[in-house]
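Structure, as C-alpha cells:
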Amino acid sequence: MTRHLELKTAVMDKKTEDRSEAALGNIPSTKISARNVNVFYGDKQALMDVNLDVNAREVTALIGPSGCGKSTFLRCLNRMNDVIDICRVSGEIVLDGRDIYDRSIDVVQLRALVGMVFQKPNPFPKSIFENVAYGPRIHGLANNGEELDEIVMSSLERAGLLNEVKDRLAEPGTGLSGGQQQRLCIARAIAVSPEVILMDEPCSALDPIATARIEELIDELRANFTIVIVTHSMQQAARVSQRTAFFHLGSLVEVGDTVDIFTNPSDKRTQDYITGRFG
Amino acid sequence: MTESILQDRTGRNTADRVQAGLKRRYAAERRFRIYGLISILTAMGFLAALLTSIAGNGYGAFLQTHVRLDILFSKADLDPGGTGDPAVLRQGDYDALIKDALAHRFPDVTSRADKRKLNGMISASAGFDLAQMVADEPEIVGTTQRIWLPATGDIDVFVKGNVSEKVPETERRIKDVEIGWVKALQSTGDLELKFNTRFFTSGDSRNPEVAGIWGAVVGSLFTLIITLALAFPLGVMAAVYLEEFAPKNRWTDLVEVNINNLAAVPSIVFGLLGLAVFLNFFHLPRSAPLVGGMVLALITLPTIIIASRAALKAVPPSIREAALGVGASRMQTVTHHVLPLAMPGMLTGTIIGMAHALGETAPLLMIGMVAFIVDIPTSPLDPATVLPVQVYLWADSAERAFVERTSAAILVLIAFLICMNLLAIILRKRFERRW
C-alpha cells in the first residue's frame, strides 16, 4: 500500500506538469499505431490482438509482469523479431502512415528510423568513438571525417556522456562502467538520428544513481524523439512516461495517460498489478 | 522452532554437521588435484621421453664425416683440347680424379678388391660436387685443390661410433682394412665430422650421406599453402552460412550430420577419392603438391567448419542485436562484428586442421607423393614429397645411415609444426579483443 502511495505522489507531481504542457497546445500526434497485432513463437501465441497508439515526442511505458509480451511487442516495432526463425507476426503496425511489415519496407531502413537500446548494455568491443560512429558510417550519414566527428560529439553530448569520455574516445567502450555503457548505447542509437527510440528495460542492470541519470536523459530526449520504454519498475514508468500501457498474458489490458493509469486504473488487473498484488 | 531446523535427530546443529563433512570434502579435493597432476606429469614424461629419444637419435645426422683429399684437376683428363668449353668440362670423368687422389694417398693398396673398397669410402655423389666446382670456377682446371668430400654412409656410421670394432668382421659392413684407412686419415686430420649443411639444402638421395630434407620441406610448404588457401575460406564461409544465414530445417540438419561424419572418415579414403577424382578424372599432375593440398583440404575442411561454427556460436548474441539495432544489414553484422570476434577461435580450429594436414601421410601415398624425388620442387605442379612421407621413406631404407636421418627428419617436422603454431598464436593475439 505504501508503494502505491509513493507512486501516487510521483504521479501527482507530474500531473500538474503534464497538464500544463497540454494547456500550452502540445497536442500529441500519433507516431506508431498497432492494429490487431498477433505474435506467435512456433505454436505458442505471445501477443493477442494488441491495438496500441504511440504518440510522437512522448514517452510511452510498457509495463506488466514477466512474460506478458511487452518486450515482444517492443521488438515488433523495429522488426527485431525477424531474426528469430520461429517467430511470426500478423496484424499491422503503421509508422508515419506506412505499414512496417509491408513488403516494400526495407528492414535496414526501418531500423535506422527506429533505434533500440537493450536491457544489458552491449557496446561493440571497439573504441568509444567507433561505437557511436558505426551507425552513421554504415548509413553514409557523414560526408567526411569532420562531419562524422561532429555527429559523434553531439550524440555523446546529448547522451550526457561527452564530459566523462572526451579524453578517452579511443579507449574501448567495454571499459566504461555499466551506466556509462548504457549511455554510450543511447548515444549510438541517437547518432543515426532515428525518429523513435525503443528501450528494453534500459536500467535493469544499473544502480539507482546510474538509473536516475538515464531517466533524466530520457526526459531530455523526449523533446526530439518518440520513446517507447519497457520497464519492470512502476516508479520508473510513473516518473518518465506520459502514457502507460499495461500488458498481461499477451494482451494489452489498458492504455492511457500515465497519470490516469496509476491513479485511476479502469481494469481490476491493472489496479492489482500497480498496487503490487501480483507480478 | 529454529532448533528443529538446525538440529538433526542426534541433536547436532548445522555447523557441526558441516564441520564433520569438511575433512572428507577437502580430502576429495586434494585427491582430485593429485590425479590431475599425475596425468599431466605422465603426459609430459612420455613427451619428454619421445623427444629426447628422437633428438638423441637424430642429432648425429646434423654432422657428416668428410675426408680431405688433394684433388688434381688434370688438364689432360678434363680438357684435352684446352678449349675451356663448359660442355667438354661437364663430360669429364670426375670419379677418376677422386680415385687418383685416393691411390696417391694410399699407394700400397694394389689388389682390385681393396681398391674398390678404398674408392667406396668416398660418396658416389662426390664426383658431381667436383663437376659443379669446375663449372662454377673453370680456372681451377690444371691445379691441385685440397677438398673436403663426404664419406659414404658406412664410414660415417663407423666414425660416429654406431658400429663397434669388436663385432666380428664378417658381421659388419665396414671391414678391418677400411678401419685402418679411416684411422690413418684421422691421424693426419684428413677425416673429420663437419656440420651437414647438405642435409638442409638438398633433396632426397639413394646415398644417405648426401640425402637432404629440403625437398620435402618445400613440398610440405607448397602442399600446406594449397590446403590453407582452399580449406580456410571455404570452411569459414560454410560455417558463416550455416550459423548466420541458413534456415534451420531438415536440410541444414542433414548437412550438419554429414560434416560431423566427414570429420571422422579415415584419411586414406580421402586419398582414394583424390586418386579417382583429381588424378583419373581431372588428369591433374601425379605426385604434385597441388593435388596433395586439395586432398588435405578435404580432410581439414570438417575440422575447420566445426571449430568455426563453435567460434561463431560463442559470440554473444547481444553484439548481433546491437549491430542490427543500429540498422546494420545481416552481412554487415557478420563482417563488421561477428567475424572479427570469432576469428581467434576460427584460427585455432584452422591450426589444429593444418597441424593434422602437416602430419598426414596415408592419403598422399595414394596420389603418388611417395615417389623418390631428388629435385627440389619449384612450384606446386612439380612432383614432390612431404615431410612425413620422407620420414616414412627413410625409415623404410636398408642403410644404417638412414636411421639417424629419419630421426633428424622428424625433428625438422616438429620444428616446422612449432613454427606454424607460433605464427598462429601471433595471428590470434592480433585478432583477439576483449568484450
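Residue numbers start at 1 in each chain; chains themselves are named A, B, ... in the order of the C-alpha cells; ligands are numbered from 1 in the order shown.
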
As a list of chain:residue names, could you give me every residue of chain A near chain B (at most 7 Å apart, counting only C-alpha atoms)? A:Val108, A:Gln109, A:Arg111, A:Ala112, A:Gly115, A:Met116, A:Asn122, A:Phe124, A:Pro125, A:Gly135, A:Ile138, A:Thr174, A:Ala189

List the spatial neighbours of region 156-158 of chain B as a PDB file with C-alpha atoms, in the first residue's frame - criterion: any atom at most 7 Å away, only C-alpha atoms, same-chain residues fewer than 3 positions off excluded.
```pdb
ATOM      1  CA  GLN B  64      78.645 -35.753 -41.552  1.00  0.00           C
ATOM      2  CA  THR B  65      82.027 -37.434 -41.948  1.00  0.00           C
ATOM      3  CA  ALA B 151      82.393 -40.121 -46.906  1.00  0.00           C
ATOM      4  CA  THR B 152      79.899 -42.928 -47.578  1.00  0.00           C
ATOM      5  CA  GLY B 153      77.217 -43.836 -45.074  1.00  0.00           C
ATOM      6  CA  GLY B 161      80.654 -44.853 -33.132  1.00  0.00           C
ATOM      7  CA  ASN B 162      77.469 -46.609 -34.135  1.00  0.00           C
ATOM      8  CA  VAL B 163      79.355 -49.762 -35.167  1.00  0.00           C
ATOM      9  CA  ALA B 401      72.973 -44.218 -42.015  1.00  0.00           C
TER      10      ALA B 401
END
```

Would you list the contacts of Ile98 (chain B) as a list in words, taking every protein, DNA or RNA residue within 7 Å and counting only C-alpha atoms, but skipping same-chain residues closer than 4 positions in sequence? Ile71, Tyr94 and Leu102 of chain B

Strand (DSSP E) positions in region 41-131 of chain B, given as a VMD selection string: chain B and resid 63 to 72

For the selection you just gave me, I'd like the residues written to a file as a compact mmCIF listing (two decimals), in the first residue's frame, keeping N, CA and C atoms.
```
# COMPACT_ATOMS: atom_id res chain seq x y z
N LEU B 63 75.64 -33.89 -38.35
CA LEU B 63 77.08 -33.92 -38.63
C LEU B 63 77.31 -34.98 -39.69
N GLN B 64 78.35 -34.79 -40.50
CA GLN B 64 78.65 -35.75 -41.55
C GLN B 64 80.16 -35.92 -41.65
N THR B 65 80.60 -37.17 -41.81
CA THR B 65 82.03 -37.43 -41.95
C THR B 65 82.51 -36.95 -43.31
N HIS B 66 83.57 -36.17 -43.30
CA HIS B 66 84.15 -35.69 -44.54
C HIS B 66 85.61 -36.13 -44.60
N VAL B 67 86.11 -36.37 -45.80
CA VAL B 67 87.51 -36.76 -46.00
C VAL B 67 88.18 -35.68 -46.85
N ARG B 68 89.41 -35.29 -46.39
CA ARG B 68 90.10 -34.25 -47.16
C ARG B 68 91.08 -34.91 -48.13
N LEU B 69 90.99 -34.54 -49.38
CA LEU B 69 91.87 -35.13 -50.39
C LEU B 69 92.48 -34.02 -51.24
N ASP B 70 93.69 -34.31 -51.72
CA ASP B 70 94.31 -33.37 -52.68
C ASP B 70 93.89 -33.82 -54.07
N ILE B 71 92.98 -33.09 -54.65
CA ILE B 71 92.46 -33.47 -55.97
C ILE B 71 93.22 -32.69 -57.04
N LEU B 72 93.79 -33.41 -57.99
CA LEU B 72 94.45 -32.75 -59.11
C LEU B 72 93.46 -32.68 -60.27
```

According to DSSP computed on the backbone, where in region 35-267 of chain A is there alpha helix (DSSP H)? Give the residues as a VMD selection string. chain A and resid 70 to 76 107 to 113 128 to 139 145 to 158 162 to 165 178 to 190 208 to 221 234 to 240 258 to 263

Near region 40-54 of chain A, counting only C-alpha atoms, which residues have an atom at most 7 Å away, once you skip same-chain residues fewer than 6 positions from it, shown as a ChimeraX atom specification? /A:30-34,60,69,86-89,250-252

Quick one: write out the picked residues with N, CA and C atoms as an mmCIF file, in the first residue's frame?
```cif
data_model
loop_
_atom_site.group_PDB
_atom_site.id
_atom_site.type_symbol
_atom_site.label_atom_id
_atom_site.label_comp_id
_atom_site.auth_asym_id
_atom_site.auth_seq_id
_atom_site.Cartn_x
_atom_site.Cartn_y
_atom_site.Cartn_z
ATOM 1 N N THR A 30 -0.225 10.934 -33.428
ATOM 2 C CA THR A 30 0.106 9.519 -33.371
ATOM 3 C C THR A 30 1.305 9.225 -34.260
ATOM 4 N N LYS A 31 2.338 8.567 -33.692
ATOM 5 C CA LYS A 31 3.541 8.225 -34.452
ATOM 6 C C LYS A 31 3.441 6.789 -34.959
ATOM 7 N N ILE A 32 3.126 5.908 -34.035
ATOM 8 C CA ILE A 32 3.020 4.498 -34.403
ATOM 9 C C ILE A 32 1.638 4.031 -33.992
ATOM 10 N N SER A 33 0.994 3.303 -34.884
ATOM 11 C CA SER A 33 -0.253 2.721 -34.431
ATOM 12 C C SER A 33 -0.282 1.241 -34.797
ATOM 13 N N ALA A 34 -0.491 0.434 -33.770
ATOM 14 C CA ALA A 34 -0.509 -1.022 -33.951
ATOM 15 C C ALA A 34 -1.955 -1.489 -33.961
ATOM 16 N N THR A 60 6.251 6.498 -23.963
ATOM 17 C CA THR A 60 5.218 5.514 -23.684
ATOM 18 C C THR A 60 5.860 4.368 -22.923
ATOM 19 N N GLY A 69 4.623 -10.244 -22.683
ATOM 20 C CA GLY A 69 4.674 -9.899 -24.099
ATOM 21 C C GLY A 69 5.075 -8.461 -24.370
ATOM 22 N N ILE A 86 11.438 -18.906 -35.613
ATOM 23 C CA ILE A 86 10.109 -19.463 -35.377
ATOM 24 C C ILE A 86 9.085 -18.372 -35.100
ATOM 25 N N CYS A 87 9.514 -17.107 -35.174
ATOM 26 C CA CYS A 87 8.599 -16.038 -34.798
ATOM 27 C C CYS A 87 7.760 -15.573 -35.998
ATOM 28 N N ARG A 88 6.454 -15.404 -35.767
ATOM 29 C CA ARG A 88 5.563 -14.992 -36.838
ATOM 30 C C ARG A 88 4.710 -13.825 -36.333
ATOM 31 N N VAL A 89 4.599 -12.779 -37.123
ATOM 32 C CA VAL A 89 3.854 -11.595 -36.708
ATOM 33 C C VAL A 89 2.711 -11.367 -37.690
ATOM 34 N N GLY A 250 -0.065 -11.600 -22.609
ATOM 35 C CA GLY A 250 -0.086 -11.454 -24.056
ATOM 36 C C GLY A 250 -1.127 -10.492 -24.581
ATOM 37 N N SER A 251 -1.952 -9.940 -23.707
ATOM 38 C CA SER A 251 -2.938 -8.971 -24.192
ATOM 39 C C SER A 251 -2.651 -7.607 -23.595
ATOM 40 N N LEU A 252 -3.052 -6.614 -24.356
ATOM 41 C CA LEU A 252 -2.973 -5.264 -23.822
ATOM 42 C C LEU A 252 -4.229 -5.044 -22.986
#
```

Skip Leu62 (chain A) itself and residues of its chain fewer than 3 positions away, then list as an NGL selection string all residues within 6 Å of it, counting only C-alpha atoms. :A and (230 or 244-245)

Please produce a file of the residues just selected, as a PDB file, in the first residue's frame, where the atoms kept are C-alpha atoms.
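Writing the result to result17.pdb gives the following:
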```pdb
ATOM      1  CA  VAL A 230       9.663  -1.388 -21.353  1.00  0.00           C
ATOM      2  CA  THR A 244       1.450   3.815 -19.969  1.00  0.00           C
ATOM      3  CA  ALA A 245       0.270   0.522 -21.422  1.00  0.00           C
TER       4      ALA A 245
END
```

Å distance separating CA of Ser123 (chain B) from CA of Val210 (chain B), one decimal place: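 One can read the CA of Ser123 (chain B) to CA of Val210 (chain B) distance as 7.9 Å.
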
Ile218 (chain A) surroundings by only C-alpha atoms, 10 Å radius, close-in-sequence under 2 positions cut, as an NGL selection string: :A and (58-59 or 159 or 186 or 197 or 199 or 212-216 or 220-223 or 225 or 227 or 229 or 240-241)

With C-alpha atoms retained, could you export that selection as a tab-separated table (two decimals), in the first residue's frame?
```tsv
chain	number	residue	atom	x	y	z
A	58	GLU	CA	6.23	11.35	-25.80
A	59	VAL	CA	7.47	8.55	-23.62
A	159	ALA	CA	23.57	11.27	-24.20
A	186	ILE	CA	21.92	5.52	-26.21
A	197	ILE	CA	13.89	5.01	-29.76
A	199	MET	CA	14.26	0.89	-24.80
A	212	ALA	CA	18.44	8.37	-12.28
A	213	ARG	CA	20.93	9.65	-14.83
A	214	ILE	CA	19.31	7.61	-17.62
A	215	GLU	CA	15.84	8.71	-16.58
A	216	GLU	CA	16.87	12.36	-16.76
A	220	GLU	CA	15.52	15.34	-22.22
A	221	LEU	CA	15.41	13.13	-25.31
A	222	ARG	CA	11.61	13.30	-25.31
A	223	ALA	CA	11.86	16.74	-26.85
A	225	PHE	CA	12.37	11.59	-30.15
A	227	ILE	CA	10.36	6.88	-26.96
A	229	ILE	CA	10.25	2.00	-22.92
A	240	VAL	CA	9.45	9.09	-17.08
A	241	SER	CA	6.37	8.32	-19.16
```

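Shell of region 145-157 of chain A at 7 Å, with only C-alpha atoms counted and residues fewer than 3 places along the chain excluded, is A:Phe129, A:Val132, A:Ala133, A:Ala142, A:Gly160, A:Leu161, A:Leu162, A:Ala187, A:Ile190, A:Ala191.
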
Just-selected residues, C-alpha atoms written as a PDB file, in the first residue's frame:
```pdb
ATOM      1  CA  PHE A 129      34.339   6.756 -30.890  1.00  0.00           C
ATOM      2  CA  VAL A 132      28.996   5.908 -31.902  1.00  0.00           C
ATOM      3  CA  ALA A 133      30.418   6.362 -35.396  1.00  0.00           C
ATOM      4  CA  ALA A 142      28.600  11.835 -42.840  1.00  0.00           C
ATOM      5  CA  GLY A 160      25.233  13.218 -21.384  1.00  0.00           C
ATOM      6  CA  LEU A 161      28.443  11.240 -21.734  1.00  0.00           C
ATOM      7  CA  LEU A 162      30.758  13.655 -23.504  1.00  0.00           C
ATOM      8  CA  ALA A 187      24.468   7.780 -27.928  1.00  0.00           C
ATOM      9  CA  ILE A 190      20.707   8.624 -31.459  1.00  0.00           C
ATOM     10  CA  ALA A 191      23.783   9.062 -33.689  1.00  0.00           C
TER      11      ALA A 191
END
```

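Coordinates place CA of Gln91 (chain B) at a distance of 25.3 Å from CA of Thr201 (chain B).
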
Let me make sure I understand: among B:Leu284, B:Met420, B:Val167, B:Ala20, which one has the smallest atom-to-atom distance to Ile225 (chain B) if we use only C-alpha atoms? B:Met420

Go ahead and compute the interatomic distance for CA of Leu118 (chain B) and CA of Ile373 (chain B), in Å to one decimal. 29.3 Å

Given only C-alpha atoms as the counted atoms, nearest of B:Ser308, B:Thr300, B:Thr378, B:Asn13 to Ala231 (chain B): B:Thr300

Counting only C-alpha atoms, the option among B:Gly21, B:Pro150, B:Gly92, B:Gly353 closest to Ser74 (chain B): B:Gly92
